[in-house]
Every structure is written in structure tokens, then in C-alpha cells.
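First the structure, in the form of C-alpha cells, and then the observations on it.
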Amino acid sequence: MTFSRRSVQSEGVTISYLDSGLVGSTVVILHGLAGSATEFIPTAESLSDFRVILVDQRGHGHSTRVPADTSRAAFVADVVRVIEAEVDGAVALVGQSMGAHTAMMVAAARPDLVERLVLLESGAGSGNPAENATMGDHLRSWPLPFVDKTTAREYLGNGPLEQAWIADLEPRHEGLYPRFDPEVMVQTLDAVAVPRWTEWESVSAPALVVYASGGIFSEEDKAEFVRRGQRAQLIEIPDASHDAHLDAFDRWIEILHAFLRQDQPR
């Protein structure tokens, strides 16, 4: 499958995205914090009967690296801009972690653009500034630039998430760099930490909420989130992490296919 890379201007930033260009209903996918569109290319390739658009959210990937605005509203506006630029009608919107939170917010703000919703490892908003600052310290501690991908692998490790990071490192004259800025990541996390129950409870589209058995949410968190959704159904992936789209790929694809192909009149 060949993807074309395009971009739109949204509120003063460039939002880059990959488009499979296939004929069919459109699926838009949003990655998680410190990720990028490329980690969902295998997912997109499995959806050969859909047109798939993979968005680099602001501060990530090929989009503007250091945007002035990292509010939830800005992330929502970016996704709306991409959908309106590329699609005449509603899409299936899929997101993981921070990207799932963005997807939920888009569905709440623009129900006319979202016909169904898939949220992988998401809640209404959680976290605290101290935890987010610790995450920023970790990201700033990377010994950059990495000389090559072998050096990056020696430092980061070889797990599925680390492999995705390494595959997407940006080559510069002096070496390899991640496609995100630690300060922007902390600011983004701080915004995601604010609970958005009113928005979630207003979402009218059918929603599939997918959690991993080894993810970051407690059983109580999962149950409350699904209970407070209007049309939410829950599926859990066993033996998977927060990044289940990477380490439980086959089950993730099976679940995604089944939901996207359901006949779900609104």
C-alpha cells in the first residue's frame, strides 16, 4: 500500500498526514503522545477496503514541532480541519491514548463529522503535573543525537513502542532525533489530565472502547468510563499493554475490523 503525505494549515500550524488513497469509507486514525502516524501504517494496511488517513497531531511527526497552542481545543480544530479538507461527510475516528482523547473530543464537538468512534486505552482525562513532569524529565534525558538506530536501540530497548520510536527518528546532519519536543509533550499531557466527562457523555456516535489487560487504567476507571458513555461498548485485549496496537496487533485488527464493518444506523 502506498501512502501520500499531505498537509493542511490549521490555526497557524502545519498538520501533516498520510492518506492511503483507497476507495471506500474513510477511517481517520490518531496516534498517542510522543507517537506519530507511521506507527499506525500496519493498521492502515490491514484496512484495505477503507480509505485511511493517519494524522500527525500537532507537536508530533511531520507536523509543527513546537506549536504555541497545546490546548485540547487546538488538537480538535486540527483534526476537524483535516476531515473537512479531505472528506465530504462523516468518518470513523480511531485513536489511541492521547489520540483517543482527541478523538473523543472531536466526536463531542462535531458529531456531524464522526459516524463511529474507536478509543484504545482512553479515559475522560487523568494524570497530574508531577507525573507529567517526570515524563518530561525522562524524555529530556535521552542522549541525543543518536549516532544511528543501533545506538538508539541500545539506549531505548527493543520493545514494540521503542521500535516504533526508532523507526520514526528524524535524520539530521548531526544524527537522529525524536519527532517531538519534551516540553510540548508535558504541556499536552497537562491538558489531557483535565477530566472531560461532559464532552464524553455528550458523544452520540456508537463507540467501541478498547482496553488492554496490562494497560494504564484500573478496572474501576474502565467501568466508569464505559458506563457514562451514551453508546459505548467495551472490549478488553488480554496479554497486551497500553500500546496494544503494537504488541497485540492481530487481536487489535480483529476487533477493529469487526466494529468498522458493523451495520450501525444512527
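Numbering starts fresh at 1 for the residues of each chain in the C-alpha cells, the chains themselves are lettered A, B, ... in the order given, and ligands are numbered from 1 as they appear.
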Write out as a Markdown table a residue-level contact list of stretch 100-187 of chain A versus stretch 199-211 of chain A with cut-off 6 Å: for each qualifying residue the closest pair of atoms and the distance in Å to one decimal, counting only C-alpha atoms, rows sorted by chain and residue number upward.
```
| residue | atom | partner | partner_atom | distance |
| --- | --- | --- | --- | --- |
| A:Ala107 | CA | A:Val203 | CA | 6.0 |
| A:Ala108 | CA | A:Val203 | CA | 4.9 |
| A:Glu115 | CA | A:Ala205 | CA | 5.7 |
| A:Arg116 | CA | A:Pro206 | CA | 5.1 |
| A:Leu117 | CA | A:Ala207 | CA | 4.6 |
| A:Val118 | CA | A:Leu208 | CA | 4.8 |
| A:Leu119 | CA | A:Val209 | CA | 4.9 |
| A:Leu120 | CA | A:Val210 | CA | 4.7 |
| A:Glu121 | CA | A:Tyr211 | CA | 5.0 |
```
Exercise: A:Gly35 partners within 9 Å, only C-alpha atoms, chain neighbours under 3 positions left out, as an mmCIF file with N, CA and C atoms, in the first residue's frame:
```cif
data_model
loop_
_atom_site.group_PDB
_atom_site.id
_atom_site.type_symbol
_atom_site.label_atom_id
_atom_site.label_comp_id
_atom_site.auth_asym_id
_atom_site.auth_seq_id
_atom_site.Cartn_x
_atom_site.Cartn_y
_atom_site.Cartn_z
ATOM 1 N N HIS A 31 -2.680 8.924 16.623
ATOM 2 C CA HIS A 31 -1.682 8.264 17.472
ATOM 3 C C HIS A 31 -1.690 8.837 18.889
ATOM 4 N N GLY A 32 -0.926 8.209 19.775
ATOM 5 C CA GLY A 32 -0.808 8.666 21.146
ATOM 6 C C GLY A 32 0.332 9.646 21.357
ATOM 7 N N THR A 38 3.155 7.122 11.540
ATOM 8 C CA THR A 38 3.810 5.946 10.958
ATOM 9 C C THR A 38 3.581 4.680 11.772
ATOM 10 N N GLU A 39 3.370 4.816 13.095
ATOM 11 C CA GLU A 39 3.190 3.605 13.889
ATOM 12 C C GLU A 39 1.870 2.918 13.580
ATOM 13 N N ASP A 56 -0.582 13.144 11.849
ATOM 14 C CA ASP A 56 0.432 13.560 12.812
ATOM 15 C C ASP A 56 -0.156 14.740 13.585
ATOM 16 N N GLN A 57 -0.510 14.513 14.850
ATOM 17 C CA GLN A 57 -1.089 15.607 15.617
ATOM 18 C C GLN A 57 -0.035 16.678 15.911
ATOM 19 N N HIS A 60 3.935 16.599 16.867
ATOM 20 C CA HIS A 60 4.356 15.225 16.608
ATOM 21 C C HIS A 60 4.669 15.013 15.124
ATOM 22 N N GLY A 61 5.518 14.043 14.862
ATOM 23 C CA GLY A 61 5.767 13.600 13.499
ATOM 24 C C GLY A 61 6.236 14.706 12.591
ATOM 25 N N LEU A 161 6.957 -0.447 21.389
ATOM 26 C CA LEU A 161 6.889 1.007 21.395
ATOM 27 C C LEU A 161 8.239 1.616 21.031
ATOM 28 N N ALA A 164 8.880 1.463 17.404
ATOM 29 C CA ALA A 164 8.145 2.498 16.676
ATOM 30 C C ALA A 164 8.855 3.840 16.775
ATOM 31 N N TRP A 165 9.341 4.184 17.957
ATOM 32 C CA TRP A 165 10.108 5.425 18.119
ATOM 33 C C TRP A 165 11.336 5.429 17.211
ATOM 34 N N ASP A 168 10.927 5.913 13.496
ATOM 35 C CA ASP A 168 10.473 7.241 13.083
ATOM 36 C C ASP A 168 11.464 8.351 13.459
ATOM 37 N N ARG A 179 10.832 12.820 16.888
ATOM 38 C CA ARG A 179 9.976 13.805 16.215
ATOM 39 C C ARG A 179 9.000 14.447 17.203
ATOM 40 N N PHE A 180 9.506 14.814 18.358
ATOM 41 C CA PHE A 180 8.701 15.535 19.346
ATOM 42 C C PHE A 180 9.638 16.289 20.275
#
```
For stretch 248-263 of chain A: contacts at 12 Å, only C-alpha atoms, fewer than 6 positions along chain excluded, given as a PyMOL selection string: chain A and resi 24-29+39-50+91-96+115-121+160-161+206-215+232-242
Skip A:Val192 itself and residues of its chain fewer than 4 positions away, then list as a PDB file with N, CA and C atoms, in the first residue's frame all residues within 8 Å of it, counting only C-alpha atoms.
```pdb
ATOM      1  N   ARG A  72      -6.486  21.329  24.258  1.00  0.00           N
ATOM      2  CA  ARG A  72      -7.337  20.314  23.652  1.00  0.00           C
ATOM      3  C   ARG A  72      -8.130  20.895  22.487  1.00  0.00           C
ATOM      4  N   MET A  98      -3.605   9.440  24.143  1.00  0.00           N
ATOM      5  CA  MET A  98      -3.879  10.856  23.921  1.00  0.00           C
ATOM      6  C   MET A  98      -4.670  11.069  22.634  1.00  0.00           C
ATOM      7  N   HIS A 101      -8.234  10.413  23.284  1.00  0.00           N
ATOM      8  CA  HIS A 101      -8.836  11.551  23.983  1.00  0.00           C
ATOM      9  C   HIS A 101      -9.190  12.647  22.981  1.00  0.00           C
ATOM     10  N   GLY A 125      -9.899  11.760  30.993  1.00  0.00           N
ATOM     11  CA  GLY A 125      -8.799  12.659  31.318  1.00  0.00           C
ATOM     12  C   GLY A 125      -8.259  12.326  32.688  1.00  0.00           C
ATOM     13  N   SER A 126      -6.948  12.169  32.790  1.00  0.00           N
ATOM     14  CA  SER A 126      -6.352  11.799  34.067  1.00  0.00           C
ATOM     15  C   SER A 126      -4.877  12.156  34.060  1.00  0.00           C
ATOM     16  N   GLY A 127      -4.270  12.064  35.235  1.00  0.00           N
ATOM     17  CA  GLY A 127      -2.862  12.395  35.380  1.00  0.00           C
ATOM     18  C   GLY A 127      -2.697  13.624  36.256  1.00  0.00           C
ATOM     19  N   THR A 188       1.113  19.072  26.617  1.00  0.00           N
ATOM     20  CA  THR A 188      -0.010  18.311  26.073  1.00  0.00           C
ATOM     21  C   THR A 188      -0.606  17.393  27.129  1.00  0.00           C
TER      22      THR A 188
END
```
I want to know what sits within 9 Å of A:Asp19, based on only C-alpha atoms, with residues of the same chain fewer than 4 positions away left out; could you give that as JSON, numbers by chain? {"A": [2, 3, 4, 5, 6, 51, 52, 53, 54, 55]}
I need the residues from that last selection saved to file as a compact mmCIF listing (two decimals), in the first residue's frame (with all heavy atoms), if you can.
```
# COMPACT_ATOMS: atom_id res chain seq x y z
N THR A 2 0.59 2.17 -0.89
CA THR A 2 1.36 3.41 -0.99
C THR A 2 0.57 4.56 -0.39
O THR A 2 -0.58 4.80 -0.75
CB THR A 2 1.70 3.72 -2.45
OG1 THR A 2 2.44 2.64 -3.01
CG2 THR A 2 2.52 5.00 -2.55
N PHE A 3 1.22 5.28 0.51
CA PHE A 3 0.58 6.43 1.16
C PHE A 3 1.14 7.73 0.59
O PHE A 3 2.35 7.84 0.35
CB PHE A 3 0.84 6.41 2.67
CG PHE A 3 0.19 5.26 3.39
CD1 PHE A 3 0.82 4.03 3.44
CD2 PHE A 3 -1.04 5.41 4.00
CE1 PHE A 3 0.23 2.96 4.10
CE2 PHE A 3 -1.64 4.35 4.66
CZ PHE A 3 -1.00 3.11 4.71
N SER A 4 0.27 8.69 0.40
CA SER A 4 0.73 10.03 0.02
C SER A 4 0.72 10.89 1.27
O SER A 4 -0.15 10.76 2.12
CB SER A 4 -0.19 10.63 -1.05
OG SER A 4 -1.51 10.74 -0.57
N ARG A 5 1.75 11.76 1.38
CA ARG A 5 1.81 12.66 2.53
C ARG A 5 1.33 14.03 2.10
O ARG A 5 1.82 14.59 1.13
CB ARG A 5 3.22 12.74 3.12
CG ARG A 5 3.27 13.63 4.37
CD ARG A 5 4.58 13.53 5.10
NE ARG A 5 4.75 12.30 5.85
CZ ARG A 5 4.22 12.05 7.04
NH1 ARG A 5 3.43 12.95 7.63
NH2 ARG A 5 4.46 10.90 7.65
N ARG A 6 0.37 14.55 2.82
CA ARG A 6 -0.18 15.86 2.54
C ARG A 6 -0.24 16.67 3.84
O ARG A 6 0.04 16.15 4.92
CB ARG A 6 -1.56 15.75 1.89
CG ARG A 6 -1.50 15.15 0.49
CD ARG A 6 -2.73 15.55 -0.31
NE ARG A 6 -3.93 14.85 0.11
CZ ARG A 6 -4.24 13.62 -0.27
NH1 ARG A 6 -3.42 12.94 -1.03
NH2 ARG A 6 -5.37 13.06 0.12
N ARG A 51 -10.61 3.79 2.98
CA ARG A 51 -9.63 4.85 2.83
C ARG A 51 -9.18 5.23 4.24
O ARG A 51 -10.01 5.52 5.10
CB ARG A 51 -10.23 6.07 2.14
CG ARG A 51 -9.24 7.22 1.98
CD ARG A 51 -9.94 8.49 1.56
NE ARG A 51 -9.01 9.59 1.39
CZ ARG A 51 -9.37 10.86 1.25
NH1 ARG A 51 -10.66 11.18 1.24
NH2 ARG A 51 -8.46 11.80 1.10
N VAL A 52 -7.88 5.24 4.48
CA VAL A 52 -7.37 5.52 5.82
C VAL A 52 -6.49 6.76 5.79
O VAL A 52 -5.59 6.89 4.95
CB VAL A 52 -6.57 4.33 6.39
CG1 VAL A 52 -6.11 4.64 7.81
CG2 VAL A 52 -7.42 3.06 6.38
N ILE A 53 -6.74 7.67 6.72
CA ILE A 53 -5.93 8.87 6.89
C ILE A 53 -5.29 8.81 8.27
O ILE A 53 -5.98 8.65 9.29
CB ILE A 53 -6.79 10.14 6.76
CG1 ILE A 53 -7.34 10.25 5.33
CG2 ILE A 53 -5.98 11.39 7.11
CD1 ILE A 53 -8.33 11.39 5.13
N LEU A 54 -3.96 8.91 8.30
CA LEU A 54 -3.19 8.85 9.54
C LEU A 54 -2.64 10.24 9.82
O LEU A 54 -1.81 10.76 9.07
CB LEU A 54 -2.03 7.86 9.39
CG LEU A 54 -2.40 6.43 8.95
CD1 LEU A 54 -1.13 5.63 8.68
CD2 LEU A 54 -3.25 5.75 10.01
N VAL A 55 -3.08 10.83 10.90
CA VAL A 55 -2.74 12.22 11.20
C VAL A 55 -1.57 12.31 12.17
O VAL A 55 -1.55 11.64 13.21
CB VAL A 55 -3.95 12.96 11.81
CG1 VAL A 55 -3.60 14.42 12.12
CG2 VAL A 55 -5.16 12.87 10.88
```
Apply DSSP to the backbone of this structure and, from stretch 14-174 of chain A, keep only the residues in alpha helix (DSSP H); write these as a PDB file with C-alpha atoms, in the first residue's frame.
```
ATOM      1  CA  ILE A  41       0.731   2.186   8.997  1.00  0.00           C
ATOM      2  CA  PRO A  42       0.378  -1.587   9.675  1.00  0.00           C
ATOM      3  CA  THR A  43      -3.147  -0.928  10.989  1.00  0.00           C
ATOM      4  CA  ALA A  44      -3.982   1.102   7.890  1.00  0.00           C
ATOM      5  CA  GLU A  45      -2.582  -1.593   5.610  1.00  0.00           C
ATOM      6  CA  SER A  46      -4.921  -4.118   7.200  1.00  0.00           C
ATOM      7  CA  ARG A  72      -7.337  20.314  23.652  1.00  0.00           C
ATOM      8  CA  ALA A  73      -9.338  22.753  21.539  1.00  0.00           C
ATOM      9  CA  ALA A  74      -6.356  23.259  19.235  1.00  0.00           C
ATOM     10  CA  PHE A  75      -5.908  19.496  18.743  1.00  0.00           C
ATOM     11  CA  VAL A  76      -9.619  19.162  17.987  1.00  0.00           C
ATOM     12  CA  ALA A  77      -9.511  22.006  15.468  1.00  0.00           C
ATOM     13  CA  ASP A  78      -6.623  20.315  13.643  1.00  0.00           C
ATOM     14  CA  VAL A  79      -8.488  17.050  13.193  1.00  0.00           C
ATOM     15  CA  VAL A  80     -11.627  18.849  12.080  1.00  0.00           C
ATOM     16  CA  ARG A  81      -9.539  20.759   9.530  1.00  0.00           C
ATOM     17  CA  VAL A  82      -8.118  17.531   8.082  1.00  0.00           C
ATOM     18  CA  ILE A  83     -11.512  15.842   7.876  1.00  0.00           C
ATOM     19  CA  GLU A  84     -13.169  18.842   6.240  1.00  0.00           C
ATOM     20  CA  ALA A  85     -10.299  19.173   3.763  1.00  0.00           C
ATOM     21  CA  GLU A  86     -10.372  15.533   2.708  1.00  0.00           C
ATOM     22  CA  MET A  98      -3.879  10.856  23.921  1.00  0.00           C
ATOM     23  CA  GLY A  99      -5.112  10.403  20.347  1.00  0.00           C
ATOM     24  CA  ALA A 100      -8.201   8.635  21.653  1.00  0.00           C
ATOM     25  CA  HIS A 101      -8.836  11.551  23.983  1.00  0.00           C
ATOM     26  CA  THR A 102      -8.575  13.884  20.974  1.00  0.00           C
ATOM     27  CA  ALA A 103     -10.939  11.641  19.004  1.00  0.00           C
ATOM     28  CA  MET A 104     -13.483  11.701  21.829  1.00  0.00           C
ATOM     29  CA  MET A 105     -13.290  15.497  21.948  1.00  0.00           C
ATOM     30  CA  VAL A 106     -13.780  15.740  18.169  1.00  0.00           C
ATOM     31  CA  ALA A 107     -16.846  13.491  18.352  1.00  0.00           C
ATOM     32  CA  ALA A 108     -18.276  15.707  21.097  1.00  0.00           C
ATOM     33  CA  ALA A 109     -17.561  18.979  19.292  1.00  0.00           C
ATOM     34  CA  PRO A 129       1.547  17.729  36.847  1.00  0.00           C
ATOM     35  CA  ALA A 130       4.127  15.836  38.925  1.00  0.00           C
ATOM     36  CA  GLU A 131       3.742  12.669  36.853  1.00  0.00           C
ATOM     37  CA  ASN A 132       3.826  14.684  33.649  1.00  0.00           C
ATOM     38  CA  ALA A 133       6.978  16.488  34.735  1.00  0.00           C
ATOM     39  CA  THR A 134       8.606  13.119  35.420  1.00  0.00           C
ATOM     40  CA  MET A 135       7.727  12.026  31.903  1.00  0.00           C
ATOM     41  CA  GLY A 136       9.319  15.217  30.567  1.00  0.00           C
ATOM     42  CA  ASP A 137      12.484  14.534  32.577  1.00  0.00           C
ATOM     43  CA  HIS A 138      12.691  11.076  31.067  1.00  0.00           C
ATOM     44  CA  LEU A 139      12.316  12.351  27.518  1.00  0.00           C
ATOM     45  CA  ARG A 140      14.891  15.099  28.096  1.00  0.00           C
ATOM     46  CA  LYS A 149      19.444   3.311  15.001  1.00  0.00           C
ATOM     47  CA  THR A 150      21.629   0.673  16.632  1.00  0.00           C
ATOM     48  CA  THR A 151      22.769   3.216  19.217  1.00  0.00           C
ATOM     49  CA  ALA A 152      19.164   4.294  19.753  1.00  0.00           C
ATOM     50  CA  ARG A 153      18.113   0.674  20.257  1.00  0.00           C
ATOM     51  CA  GLU A 154      20.891   0.103  22.784  1.00  0.00           C
ATOM     52  CA  TYR A 155      19.568   3.001  24.858  1.00  0.00           C
ATOM     53  CA  LEU A 156      15.809   2.748  24.359  1.00  0.00           C
ATOM     54  CA  PRO A 160       7.239  -2.628  20.298  1.00  0.00           C
ATOM     55  CA  LEU A 161       6.889   1.007  21.395  1.00  0.00           C
ATOM     56  CA  GLU A 162      10.642   1.563  21.307  1.00  0.00           C
ATOM     57  CA  GLN A 163      10.807   0.037  17.836  1.00  0.00           C
ATOM     58  CA  ALA A 164       8.145   2.498  16.676  1.00  0.00           C
ATOM     59  CA  TRP A 165      10.108   5.425  18.119  1.00  0.00           C
ATOM     60  CA  ILE A 166      13.323   4.243  16.500  1.00  0.00           C
ATOM     61  CA  ALA A 167      11.718   3.647  13.110  1.00  0.00           C
TER      62      ALA A 167
END
```
So, counting only C-alpha atoms, which residue among A:Val184, A:Leu169, A:Val194, A:Ala124 is closest to A:Val226? A:Ala124
For stretch 171-177 of chain A, find every residue with an atom within 7 Å (counting only C-alpha atoms), except residues of its own chain fewer than 2 positions away, and show them as number ranges by chain. A: 144-148, 169, 179
For the residues in the current selection, export N, CA, C and O atoms as a PDB file, in the first residue's frame.
```pdb
ATOM      1  N   LEU A 144      20.876  12.599  23.119  1.00  0.00           N
ATOM      2  CA  LEU A 144      20.718  12.984  21.716  1.00  0.00           C
ATOM      3  C   LEU A 144      21.904  13.801  21.240  1.00  0.00           C
ATOM      4  O   LEU A 144      22.530  14.519  22.023  1.00  0.00           O
ATOM      5  N   PRO A 145      22.194  13.723  19.943  1.00  0.00           N
ATOM      6  CA  PRO A 145      21.539  12.853  18.963  1.00  0.00           C
ATOM      7  C   PRO A 145      22.055  11.424  19.046  1.00  0.00           C
ATOM      8  O   PRO A 145      23.181  11.193  19.496  1.00  0.00           O
ATOM      9  N   PHE A 146      21.220  10.474  18.626  1.00  0.00           N
ATOM     10  CA  PHE A 146      21.695   9.111  18.474  1.00  0.00           C
ATOM     11  C   PHE A 146      22.534   9.038  17.200  1.00  0.00           C
ATOM     12  O   PHE A 146      22.169   9.606  16.167  1.00  0.00           O
ATOM     13  N   VAL A 147      23.640   8.339  17.266  1.00  0.00           N
ATOM     14  CA  VAL A 147      24.523   8.225  16.101  1.00  0.00           C
ATOM     15  C   VAL A 147      23.831   7.466  14.981  1.00  0.00           C
ATOM     16  O   VAL A 147      23.906   7.836  13.802  1.00  0.00           O
ATOM     17  N   ASP A 148      23.133   6.398  15.348  1.00  0.00           N
ATOM     18  CA  ASP A 148      22.408   5.587  14.372  1.00  0.00           C
ATOM     19  C   ASP A 148      21.320   4.823  15.109  1.00  0.00           C
ATOM     20  O   ASP A 148      21.160   4.953  16.331  1.00  0.00           O
ATOM     21  N   LEU A 169      12.649   8.006  13.885  1.00  0.00           N
ATOM     22  CA  LEU A 169      13.631   9.031  14.231  1.00  0.00           C
ATOM     23  C   LEU A 169      13.937   9.912  13.024  1.00  0.00           C
ATOM     24  O   LEU A 169      13.987   9.435  11.886  1.00  0.00           O
ATOM     25  N   ARG A 179      10.832  12.820  16.888  1.00  0.00           N
ATOM     26  CA  ARG A 179       9.976  13.805  16.215  1.00  0.00           C
ATOM     27  C   ARG A 179       9.000  14.447  17.203  1.00  0.00           C
ATOM     28  O   ARG A 179       7.814  14.599  16.928  1.00  0.00           O
TER      29      ARG A 179
END
```
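Taking atom CA of A:Met1 as the reference point, atom CA of A:Leu18 is found at 11.5 Å.
Compared by their closest atoms to A:Arg228, and using only C-alpha atoms, the residues A:Asn128, A:Ser7, A:Thr198, A:Ser16 rank with A:Thr198 nearest.
Between atom CA of A:Pro111 and atom CA of A:Pro67 the separation is 26.2 Å.
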Every residue of stretch 46-205 of chain A that DSSP places in strand (DSSP E), as a list in words: Arg51, Val52, Ile53, Leu54, Val55, Val91, Ala92, Leu93, Val94, Gly95, Gln96, Val114, Glu115, Arg116, Leu117, Val118, Leu119, Leu120, Glu170, Pro171, Arg172, Gly175, Leu176 and Tyr177 of chain A
